[in-house]
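Below: structure-v4.pdb (PDB, N, CA and C atoms)
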```
ATOM      1  N   LYS A   1       0.835  -1.193   0.000
ATOM      2  CA  LYS A   1       0.000   0.000   0.000
ATOM      3  C   LYS A   1       0.870   1.243   0.000
ATOM      4  N   GLN A   2       0.373   2.275  -0.627
ATOM      5  CA  GLN A   2       1.110   3.521  -0.714
ATOM      6  C   GLN A   2       1.216   4.199   0.648
ATOM      7  N   LEU A   3       0.311   3.899   1.557
ATOM      8  CA  LEU A   3       0.308   4.548   2.859
ATOM      9  C   LEU A   3       1.316   3.956   3.830
ATOM     10  N   GLY A   4       2.026   2.931   3.428
ATOM     11  CA  GLY A   4       3.012   2.315   4.316
ATOM     12  C   GLY A   4       2.366   1.785   5.580
ATOM     13  N   THR A   5       2.948   2.070   6.719
ATOM     14  CA  THR A   5       2.425   1.557   7.988
ATOM     15  C   THR A   5       1.220   2.340   8.490
ATOM     16  N   ALA A   6       0.879   3.466   7.868
ATOM     17  CA  ALA A   6      -0.319   4.214   8.270
ATOM     18  C   ALA A   6      -1.566   3.352   8.107
ATOM     19  N   HIS A   7      -1.468   2.334   7.260
ATOM     20  CA  HIS A   7      -2.588   1.410   7.061
ATOM     21  C   HIS A   7      -2.972   0.733   8.378
ATOM     22  N   TYR A   8      -2.009   0.520   9.252
ATOM     23  CA  TYR A   8      -2.307  -0.124  10.535
ATOM     24  C   TYR A   8      -3.042   0.821  11.480
ATOM     25  N   VAL A   9      -2.846   2.095  11.344
ATOM     26  CA  VAL A   9      -3.531   3.080  12.181
ATOM     27  C   VAL A   9      -4.894   3.420  11.586
ATOM     28  N   TYR A  10      -4.942   3.497  10.260
ATOM     29  CA  TYR A  10      -6.173   3.822   9.547
ATOM     30  C   TYR A  10      -6.510   2.675   8.595
ATOM     31  N   PRO A  11      -7.020   1.555   9.127
ATOM     32  CA  PRO A  11      -7.224   0.357   8.297
ATOM     33  C   PRO A  11      -8.241   0.539   7.168
ATOM     34  N   CYS A  12      -9.113   1.519   7.258
ATOM     35  CA  CYS A  12     -10.098   1.735   6.189
ATOM     36  C   CYS A  12      -9.547   2.613   5.072
ATOM     37  N   ALA A  13      -8.400   3.214   5.301
ATOM     38  CA  ALA A  13      -7.813   4.066   4.256
ATOM     39  C   ALA A  13      -7.406   3.197   3.074
ATOM     40  N   LYS A  14      -7.693   3.665   1.887
ATOM     41  CA  LYS A  14      -7.343   2.900   0.693
ATOM     42  C   LYS A  14      -6.615   3.814  -0.282
ATOM     43  N   HIS A  15      -5.362   3.566  -0.443
ATOM     44  CA  HIS A  15      -4.564   4.321  -1.406
ATOM     45  C   HIS A  15      -3.416   3.409  -1.816
ATOM     46  N   THR A  16      -3.681   2.571  -2.780
ATOM     47  CA  THR A  16      -2.671   1.615  -3.212
ATOM     48  C   THR A  16      -1.670   2.299  -4.131
ATOM     49  N   ARG A  17      -0.560   1.649  -4.342
ATOM     50  CA  ARG A  17       0.445   2.182  -5.258
ATOM     51  C   ARG A  17      -0.149   2.324  -6.662
ATOM     52  N   TRP A  18      -1.030   1.405  -7.048
ATOM     53  CA  TRP A  18      -1.669   1.486  -8.362
ATOM     54  C   TRP A  18      -2.516   2.759  -8.462
ATOM     55  N   GLU A  19      -3.353   3.000  -7.458
ATOM     56  CA  GLU A  19      -4.186   4.208  -7.463
ATOM     57  C   GLU A  19      -3.314   5.464  -7.500
ATOM     58  N   HIS A  20      -2.246   5.452  -6.738
ATOM     59  CA  HIS A  20      -1.320   6.588  -6.713
ATOM     60  C   HIS A  20      -0.706   6.808  -8.097
ATOM     61  N   SER A  21      -0.238   5.742  -8.722
ATOM     62  CA  SER A  21       0.431   5.860 -10.013
ATOM     63  C   SER A  21      -0.529   6.298 -11.121
ATOM     64  N   VAL A  22      -1.752   5.797 -11.092
ATOM     65  CA  VAL A  22      -2.754   6.233 -12.073
ATOM     66  C   VAL A  22      -3.065   7.716 -11.869
ATOM     67  N   GLY A  23      -3.136   8.137 -10.613
ATOM     68  CA  GLY A  23      -3.370   9.553 -10.323
ATOM     69  C   GLY A  23      -2.230  10.434 -10.812
ATOM     70  N   VAL A  24      -0.985   9.982 -10.603
ATOM     71  CA  VAL A  24       0.173  10.741 -11.085
ATOM     72  C   VAL A  24       0.150  10.818 -12.609
ATOM     73  N   MET A  25      -0.210   9.714 -13.268
ATOM     74  CA  MET A  25      -0.310   9.715 -14.723
ATOM     75  C   MET A  25      -1.344  10.749 -15.185
ATOM     76  N   HIS A  26      -2.482  10.773 -14.515
ATOM     77  CA  HIS A  26      -3.544  11.723 -14.869
ATOM     78  C   HIS A  26      -3.067  13.166 -14.681
ATOM     79  N   LEU A  27      -2.433  13.444 -13.544
ATOM     80  CA  LEU A  27      -1.950  14.803 -13.280
ATOM     81  C   LEU A  27      -0.848  15.205 -14.264
ATOM     82  N   ALA A  28       0.009  14.260 -14.640
ATOM     83  CA  ALA A  28       1.050  14.542 -15.632
ATOM     84  C   ALA A  28       0.419  14.921 -16.969
ATOM     85  N   GLY A  29      -0.644  14.212 -17.340
ATOM     86  CA  GLY A  29      -1.359  14.542 -18.566
ATOM     87  C   GLY A  29      -1.980  15.930 -18.497
ATOM     88  N   ASN A  30      -2.568  16.267 -17.343
ATOM     89  CA  ASN A  30      -3.137  17.608 -17.163
ATOM     90  C   ASN A  30      -2.053  18.681 -17.253
ATOM     91  N   PHE A  31      -0.892  18.389 -16.683
ATOM     92  CA  PHE A  31       0.224  19.332 -16.717
ATOM     93  C   PHE A  31       0.627  19.644 -18.161
ATOM     94  N   ILE A  32       0.767  18.599 -18.972
ATOM     95  CA  ILE A  32       1.158  18.793 -20.367
ATOM     96  C   ILE A  32       0.060  19.533 -21.128
ATOM     97  N   GLU A  33      -1.199  19.200 -20.853
ATOM     98  CA  GLU A  33      -2.308  19.916 -21.496
ATOM     99  C   GLU A  33      -2.241  21.405 -21.187
ATOM    100  N   THR A  34      -1.915  21.743 -19.952
ATOM    101  CA  THR A  34      -1.788  23.148 -19.569
ATOM    102  C   THR A  34      -0.643  23.808 -20.321
ATOM    103  N   LEU A  35       0.485  23.115 -20.425
ATOM    104  CA  LEU A  35       1.619  23.674 -21.169
ATOM    105  C   LEU A  35       1.277  23.895 -22.634
ATOM    106  N   ARG A  36       0.476  23.006 -23.183
ATOM    107  CA  ARG A  36       0.135  23.081 -24.608
ATOM    108  C   ARG A  36      -0.950  24.117 -24.906
ATOM    109  N   HIS A  37      -1.491  24.735 -23.895
ATOM    110  CA  HIS A  37      -2.533  25.748 -24.078
ATOM    111  C   HIS A  37      -1.977  26.909 -24.907
ATOM    112  N   PRO A  38      -2.787  27.472 -25.803
ATOM    113  CA  PRO A  38      -2.302  28.553 -26.679
ATOM    114  C   PRO A  38      -1.687  29.747 -25.938
ATOM    115  N   ASN A  39      -2.117  30.012 -24.716
ATOM    116  CA  ASN A  39      -1.568  31.145 -23.962
ATOM    117  C   ASN A  39      -0.295  30.788 -23.211
ATOM    118  N   MET A  40       0.119  29.557 -23.252
ATOM    119  CA  MET A  40       1.329  29.131 -22.542
ATOM    120  C   MET A  40       2.436  28.847 -23.563
ATOM    121  N   PHE A  41       2.777  27.586 -23.702
ATOM    122  CA  PHE A  41       3.850  27.159 -24.611
ATOM    123  C   PHE A  41       3.252  26.233 -25.661
ATOM    124  N   GLU A  42       2.429  26.768 -26.492
ATOM    125  CA  GLU A  42       1.589  25.994 -27.412
ATOM    126  C   GLU A  42       2.341  24.913 -28.175
ATOM    127  N   ASN A  43       3.537  25.184 -28.648
ATOM    128  CA  ASN A  43       4.272  24.222 -29.464
ATOM    129  C   ASN A  43       5.400  23.526 -28.708
ATOM    130  N   CYS A  44       5.273  23.445 -27.399
ATOM    131  CA  CYS A  44       6.356  22.868 -26.597
ATOM    132  C   CYS A  44       6.478  21.360 -26.763
ATOM    133  N   CYS A  45       5.377  20.708 -27.079
ATOM    134  CA  CYS A  45       5.409  19.248 -27.177
ATOM    135  C   CYS A  45       4.222  18.764 -27.998
ATOM    136  N   ASP A  46       4.331  17.509 -28.413
ATOM    137  CA  ASP A  46       3.255  16.932 -29.220
ATOM    138  C   ASP A  46       2.575  15.811 -28.433
ATOM    139  N   ASN A  47       1.669  15.096 -29.107
ATOM    140  CA  ASN A  47       0.929  14.020 -28.434
ATOM    141  C   ASN A  47       1.854  12.912 -27.936
ATOM    142  N   LYS A  48       2.884  12.605 -28.715
ATOM    143  CA  LYS A  48       3.826  11.561 -28.300
ATOM    144  C   LYS A  48       4.549  11.975 -27.018
ATOM    145  N   ASP A  49       4.961  13.241 -26.925
ATOM    146  CA  ASP A  49       5.590  13.735 -25.701
ATOM    147  C   ASP A  49       4.637  13.600 -24.521
ATOM    148  N   GLN A  50       3.380  13.940 -24.734
ATOM    149  CA  GLN A  50       2.390  13.839 -23.662
ATOM    150  C   GLN A  50       2.235  12.389 -23.212
ATOM    151  N   GLN A  51       2.185  11.459 -24.159
ATOM    152  CA  GLN A  51       2.068  10.042 -23.801
ATOM    153  C   GLN A  51       3.290   9.579 -23.010
ATOM    154  N   CYS A  52       4.474  10.048 -23.395
ATOM    155  CA  CYS A  52       5.700   9.662 -22.678
ATOM    156  C   CYS A  52       5.697  10.186 -21.249
ATOM    157  N   VAL A  53       5.254  11.427 -21.062
ATOM    158  CA  VAL A  53       5.193  12.000 -19.719
ATOM    159  C   VAL A  53       4.161  11.251 -18.876
ATOM    160  N   MET A  54       3.039  10.909 -19.466
ATOM    161  CA  MET A  54       2.017  10.156 -18.736
ATOM    162  C   MET A  54       2.505   8.755 -18.381
ATOM    163  N   LEU A  55       3.210   8.109 -19.307
ATOM    164  CA  LEU A  55       3.777   6.791 -19.031
ATOM    165  C   LEU A  55       4.807   6.865 -17.904
ATOM    166  N   ALA A  56       5.611   7.922 -17.902
ATOM    167  CA  ALA A  56       6.584   8.114 -16.820
ATOM    168  C   ALA A  56       5.860   8.257 -15.485
ATOM    169  N   GLY A  57       4.752   8.978 -15.464
ATOM    170  CA  GLY A  57       3.968   9.118 -14.243
ATOM    171  C   GLY A  57       3.425   7.781 -13.767
ATOM    172  N   LEU A  58       2.965   6.973 -14.711
ATOM    173  CA  LEU A  58       2.428   5.657 -14.357
ATOM    174  C   LEU A  58       3.504   4.743 -13.793
ATOM    175  N   CYS A  59       4.705   4.815 -14.334
ATOM    176  CA  CYS A  59       5.773   3.873 -13.975
ATOM    177  C   CYS A  59       6.740   4.398 -12.915
ATOM    178  N   HIS A  60       6.528   5.598 -12.414
ATOM    179  CA  HIS A  60       7.542   6.226 -11.562
ATOM    180  C   HIS A  60       7.828   5.488 -10.260
ATOM    181  N   ASP A  61       6.920   4.680  -9.777
ATOM    182  CA  ASP A  61       7.127   3.983  -8.504
ATOM    183  C   ASP A  61       7.286   2.473  -8.642
ATOM    184  N   LEU A  62       7.624   1.993  -9.825
ATOM    185  CA  LEU A  62       7.765   0.547 -10.025
ATOM    186  C   LEU A  62       8.732  -0.094  -9.025
ATOM    187  N   GLY A  63       9.777   0.610  -8.674
ATOM    188  CA  GLY A  63      10.842   0.018  -7.871
ATOM    189  C   GLY A  63      10.654   0.051  -6.370
ATOM    190  N   HIS A  64       9.515   0.512  -5.891
ATOM    191  CA  HIS A  64       9.301   0.546  -4.440
ATOM    192  C   HIS A  64       9.275  -0.864  -3.863
ATOM    193  N   GLY A  65       9.862  -1.003  -2.703
ATOM    194  CA  GLY A  65       9.774  -2.255  -1.967
ATOM    195  C   GLY A  65       8.518  -2.247  -1.106
ATOM    196  N   PRO A  66       8.324  -3.292  -0.317
ATOM    197  CA  PRO A  66       7.152  -3.326   0.571
ATOM    198  C   PRO A  66       7.214  -2.185   1.581
ATOM    199  N   PHE A  67       6.081  -1.667   1.967
ATOM    200  CA  PHE A  67       5.965  -0.558   2.922
ATOM    201  C   PHE A  67       6.645   0.713   2.423
ATOM    202  N   SER A  68       6.679   0.869   1.131
ATOM    203  CA  SER A  68       7.100   2.094   0.478
ATOM    204  C   SER A  68       8.462   2.583   0.953
ATOM    205  N   HIS A  69       8.544   3.836   1.422
ATOM    206  CA  HIS A  69       9.841   4.424   1.773
ATOM    207  C   HIS A  69      10.446   3.812   3.035
ATOM    208  N   LEU A  70       9.651   3.177   3.869
ATOM    209  CA  LEU A  70      10.213   2.499   5.038
ATOM    210  C   LEU A  70      11.165   1.386   4.617
ATOM    211  N   TRP A  71      10.915   0.794   3.464
ATOM    212  CA  TRP A  71      11.790  -0.257   2.947
ATOM    213  C   TRP A  71      13.202   0.267   2.722
ATOM    214  N   GLU A  72      13.313   1.485   2.193
ATOM    215  CA  GLU A  72      14.630   2.077   1.964
ATOM    216  C   GLU A  72      15.380   2.239   3.282
ATOM    217  N   ASN A  73      14.666   2.677   4.328
ATOM    218  CA  ASN A  73      15.302   2.793   5.645
ATOM    219  C   ASN A  73      15.748   1.432   6.157
ATOM    220  N   PHE A  74      14.909   0.428   5.967
ATOM    221  CA  PHE A  74      15.244  -0.917   6.409
ATOM    222  C   PHE A  74      16.509  -1.418   5.704
ATOM    223  N   VAL A  75      16.575  -1.227   4.388
ATOM    224  CA  VAL A  75      17.734  -1.685   3.622
ATOM    225  C   VAL A  75      19.004  -0.987   4.096
ATOM    226  N   SER A  76      18.932   0.320   4.320
ATOM    227  CA  SER A  76      20.134   1.047   4.739
ATOM    228  C   SER A  76      20.571   0.651   6.148
ATOM    229  N   GLU A  77      19.625   0.303   7.031
ATOM    230  CA  GLU A  77      19.991  -0.153   8.381
ATOM    231  C   GLU A  77      20.498  -1.593   8.356
ATOM    232  N   ALA A  78      19.874  -2.426   7.530
ATOM    233  CA  ALA A  78      20.266  -3.836   7.479
ATOM    234  C   ALA A  78      21.610  -4.018   6.786
ATOM    235  N   LYS A  79      21.919  -3.157   5.844
ATOM    236  CA  LYS A  79      23.165  -3.278   5.093
ATOM    237  C   LYS A  79      23.774  -1.880   4.927
ATOM    238  N   PRO A  80      24.437  -1.383   5.977
ATOM    239  CA  PRO A  80      25.006  -0.034   5.912
ATOM    240  C   PRO A  80      25.923   0.126   4.695
ATOM    241  N   GLY A  81      25.829   1.290   4.091
ATOM    242  CA  GLY A  81      26.630   1.563   2.910
ATOM    243  C   GLY A  81      25.950   1.193   1.612
ATOM    244  N   ASN A  82      24.848   0.454   1.687
ATOM    245  CA  ASN A  82      24.124   0.079   0.482
ATOM    246  C   ASN A  82      23.434   1.319  -0.092
ATOM    247  N   GLN A  83      23.559   1.511  -1.365
ATOM    248  CA  GLN A  83      23.009   2.704  -2.016
ATOM    249  C   GLN A  83      21.697   2.436  -2.753
ATOM    250  N   TRP A  84      20.966   1.385  -2.355
ATOM    251  CA  TRP A  84      19.715   1.042  -3.025
ATOM    252  C   TRP A  84      18.699   2.172  -2.879
ATOM    253  N   ARG A  85      18.082   2.548  -4.003
ATOM    254  CA  ARG A  85      17.022   3.551  -4.016
ATOM    255  C   ARG A  85      15.933   3.096  -4.974
ATOM    256  N   HIS A  86      14.692   3.384  -4.608
ATOM    257  CA  HIS A  86      13.580   2.925  -5.443
ATOM    258  C   HIS A  86      13.587   3.584  -6.817
ATOM    259  N   GLU A  87      14.110   4.797  -6.925
ATOM    260  CA  GLU A  87      14.139   5.455  -8.232
ATOM    261  C   GLU A  87      15.006   4.664  -9.219
ATOM    262  N   LYS A  88      16.151   4.231  -8.764
ATOM    263  CA  LYS A  88      17.059   3.432  -9.610
ATOM    264  C   LYS A  88      16.411   2.095  -9.957
ATOM    265  N   SER A  89      15.767   1.474  -8.986
ATOM    266  CA  SER A  89      15.086   0.201  -9.250
ATOM    267  C   SER A  89      13.948   0.376 -10.247
ATOM    268  N   SER A  90      13.257   1.505 -10.174
ATOM    269  CA  SER A  90      12.179   1.778 -11.140
ATOM    270  C   SER A  90      12.728   1.836 -12.557
ATOM    271  N   ILE A  91      13.840   2.533 -12.735
ATOM    272  CA  ILE A  91      14.462   2.632 -14.060
ATOM    273  C   ILE A  91      14.926   1.260 -14.532
ATOM    274  N   ASP A  92      15.570   0.510 -13.640
ATOM    275  CA  ASP A  92      16.053  -0.828 -14.002
ATOM    276  C   ASP A  92      14.902  -1.747 -14.409
ATOM    277  N   MET A  93      13.789  -1.687 -13.674
ATOM    278  CA  MET A  93      12.639  -2.539 -13.995
ATOM    279  C   MET A  93      12.040  -2.169 -15.342
ATOM    280  N   LEU A  94      11.884  -0.880 -15.597
ATOM    281  CA  LEU A  94      11.317  -0.451 -16.870
ATOM    282  C   LEU A  94      12.250  -0.812 -18.023
ATOM    283  N   ASP A  95      13.556  -0.635 -17.833
ATOM    284  CA  ASP A  95      14.521  -1.041 -18.865
ATOM    285  C   ASP A  95      14.397  -2.536 -19.160
ATOM    286  N   TYR A  96      14.253  -3.347 -18.105
ATOM    287  CA  TYR A  96      14.112  -4.786 -18.287
ATOM    288  C   TYR A  96      12.839  -5.118 -19.080
ATOM    289  N   ILE A  97      11.721  -4.469 -18.712
ATOM    290  CA  ILE A  97      10.452  -4.725 -19.402
ATOM    291  C   ILE A  97      10.581  -4.376 -20.892
ATOM    292  N   ILE A  98      11.222  -3.254 -21.173
ATOM    293  CA  ILE A  98      11.400  -2.816 -22.563
ATOM    294  C   ILE A  98      12.247  -3.811 -23.328
ATOM    295  N   GLN A  99      13.363  -4.222 -22.743
ATOM    296  CA  GLN A  99      14.281  -5.153 -23.420
ATOM    297  C   GLN A  99      13.658  -6.544 -23.557
ATOM    298  N   ASP A 100      13.038  -7.027 -22.506
ATOM    299  CA  ASP A 100      12.482  -8.383 -22.512
ATOM    300  C   ASP A 100      11.338  -8.531 -23.510
ATOM    301  N   ASN A 101      10.647  -7.431 -23.776
ATOM    302  CA  ASN A 101       9.498  -7.460 -24.694
ATOM    303  C   ASN A 101       9.803  -6.832 -26.046
ATOM    304  N   ASN A 102      11.086  -6.563 -26.286
ATOM    305  CA  ASN A 102      11.519  -5.972 -27.570
ATOM    306  C   ASN A 102      10.706  -4.741 -27.949
ATOM    307  N   LEU A 103      10.537  -3.853 -26.993
ATOM    308  CA  LEU A 103       9.761  -2.631 -27.258
ATOM    309  C   LEU A 103      10.643  -1.506 -27.724
TER     310      LEU A 103
END
```
Encoded form using structure tokens:
Amino acid sequence: KQLGTAHYVYPCAKHTRWEHSVGVMHLAGNFIETLRHPNMFENCCDNKDQQCVMLAGLCHDLGHGPFSHLWENFVSEAKPGNQWRHEKSSIDMLDYIIQDNNL
């Protein structure tokens, strides 16, 4: 869950990583739409750019471990000096998906 351990305090709260990522994708799309408005930066990007930004929003948290950011703290305490970060894991996972599926 995106709420990490807050789920234990607020068991009825529902905000999964999927819901979070879909929301980020939606907001990223809105952001690009705003940039593309004639009064802003009308020719800053095209539909393909917008799709790429939305896809990045959808995939931005692929590399999270269990309990979200608490996992990063656990890894650093369990193995001092380890430089594991979910952002790097997200990139590695997406690269693997692209390569494995010949995209």
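The space separating atom N of Ile97 (chain A) from atom N of Asn30 (chain A) comes to 25.2 Å.
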- Query: Rounded to one decimal in Å, what is the spacing between CA of Thr16 (chain A) and CA of Leu35 (chain A)?
  - Reply: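 Computed distance, CA of Thr16 (chain A) to CA of Leu35 (chain A), equals 28.8 Å.
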- Task: Identify, on the basis of only C-alpha atoms, every residue whose closest approach to region 42-57 of chain A does not exceed 7 Å; exclude the query and any residue fewer than 2 positions from it along the same chain; express the result as a PyMOL selection string.
- Result: chain A and resi 21+24-26+28-29+32+35-40+59-60
- Message: As an exercise, work out the distance from atom C of Ala13 (chain A) to atom N of Gly63 (chain A) in Å and give it to one decimal place.
- Response: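 Computing it gives 21.0 Å between the two atoms.
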Need the axis-aligned box for region 86-102 of chain A with 3 Å each side, so what are the centre and edges in Å to one decimal, as lines of an AutoDock Vina configuration file?
```
center_x = 13.3
center_y = -1.5
center_z = -16.3
size_x = 13.6
size_y = 20.0
size_z = 29.3
```
- Using the chain letters and residue numbers of this document, give as a PyMOL selection string the residues selected by the PyMOL selection byres ((chain A and resi 87) around 8). chain A and resi 60-64+84-86+88-93
Could you please take those selected residues and save N, CA and C atoms as an mmCIF file, keeping the file's coordinate frame?
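What follows is the written file part-v4.cif:
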```
data_model
loop_
_atom_site.group_PDB
_atom_site.id
_atom_site.type_symbol
_atom_site.label_atom_id
_atom_site.label_comp_id
_atom_site.auth_asym_id
_atom_site.auth_seq_id
_atom_site.Cartn_x
_atom_site.Cartn_y
_atom_site.Cartn_z
ATOM 1 N N HIS A 60 6.528 5.598 -12.414
ATOM 2 C CA HIS A 60 7.542 6.226 -11.562
ATOM 3 C C HIS A 60 7.828 5.488 -10.260
ATOM 4 N N ASP A 61 6.920 4.680 -9.777
ATOM 5 C CA ASP A 61 7.127 3.983 -8.504
ATOM 6 C C ASP A 61 7.286 2.473 -8.642
ATOM 7 N N LEU A 62 7.624 1.993 -9.825
ATOM 8 C CA LEU A 62 7.765 0.547 -10.025
ATOM 9 C C LEU A 62 8.732 -0.094 -9.025
ATOM 10 N N GLY A 63 9.777 0.610 -8.674
ATOM 11 C CA GLY A 63 10.842 0.018 -7.871
ATOM 12 C C GLY A 63 10.654 0.051 -6.370
ATOM 13 N N HIS A 64 9.515 0.512 -5.891
ATOM 14 C CA HIS A 64 9.301 0.546 -4.440
ATOM 15 C C HIS A 64 9.275 -0.864 -3.863
ATOM 16 N N TRP A 84 20.966 1.385 -2.355
ATOM 17 C CA TRP A 84 19.715 1.042 -3.025
ATOM 18 C C TRP A 84 18.699 2.172 -2.879
ATOM 19 N N ARG A 85 18.082 2.548 -4.003
ATOM 20 C CA ARG A 85 17.022 3.551 -4.016
ATOM 21 C C ARG A 85 15.933 3.096 -4.974
ATOM 22 N N HIS A 86 14.692 3.384 -4.608
ATOM 23 C CA HIS A 86 13.580 2.925 -5.443
ATOM 24 C C HIS A 86 13.587 3.584 -6.817
ATOM 25 N N LYS A 88 16.151 4.231 -8.764
ATOM 26 C CA LYS A 88 17.059 3.432 -9.610
ATOM 27 C C LYS A 88 16.411 2.095 -9.957
ATOM 28 N N SER A 89 15.767 1.474 -8.986
ATOM 29 C CA SER A 89 15.086 0.201 -9.250
ATOM 30 C C SER A 89 13.948 0.376 -10.247
ATOM 31 N N SER A 90 13.257 1.505 -10.174
ATOM 32 C CA SER A 90 12.179 1.778 -11.140
ATOM 33 C C SER A 90 12.728 1.836 -12.557
ATOM 34 N N ILE A 91 13.840 2.533 -12.735
ATOM 35 C CA ILE A 91 14.462 2.632 -14.060
ATOM 36 C C ILE A 91 14.926 1.260 -14.532
ATOM 37 N N ASP A 92 15.570 0.510 -13.640
ATOM 38 C CA ASP A 92 16.053 -0.828 -14.002
ATOM 39 C C ASP A 92 14.902 -1.747 -14.409
ATOM 40 N N MET A 93 13.789 -1.687 -13.674
ATOM 41 C CA MET A 93 12.639 -2.539 -13.995
ATOM 42 C C MET A 93 12.040 -2.169 -15.342
#
```
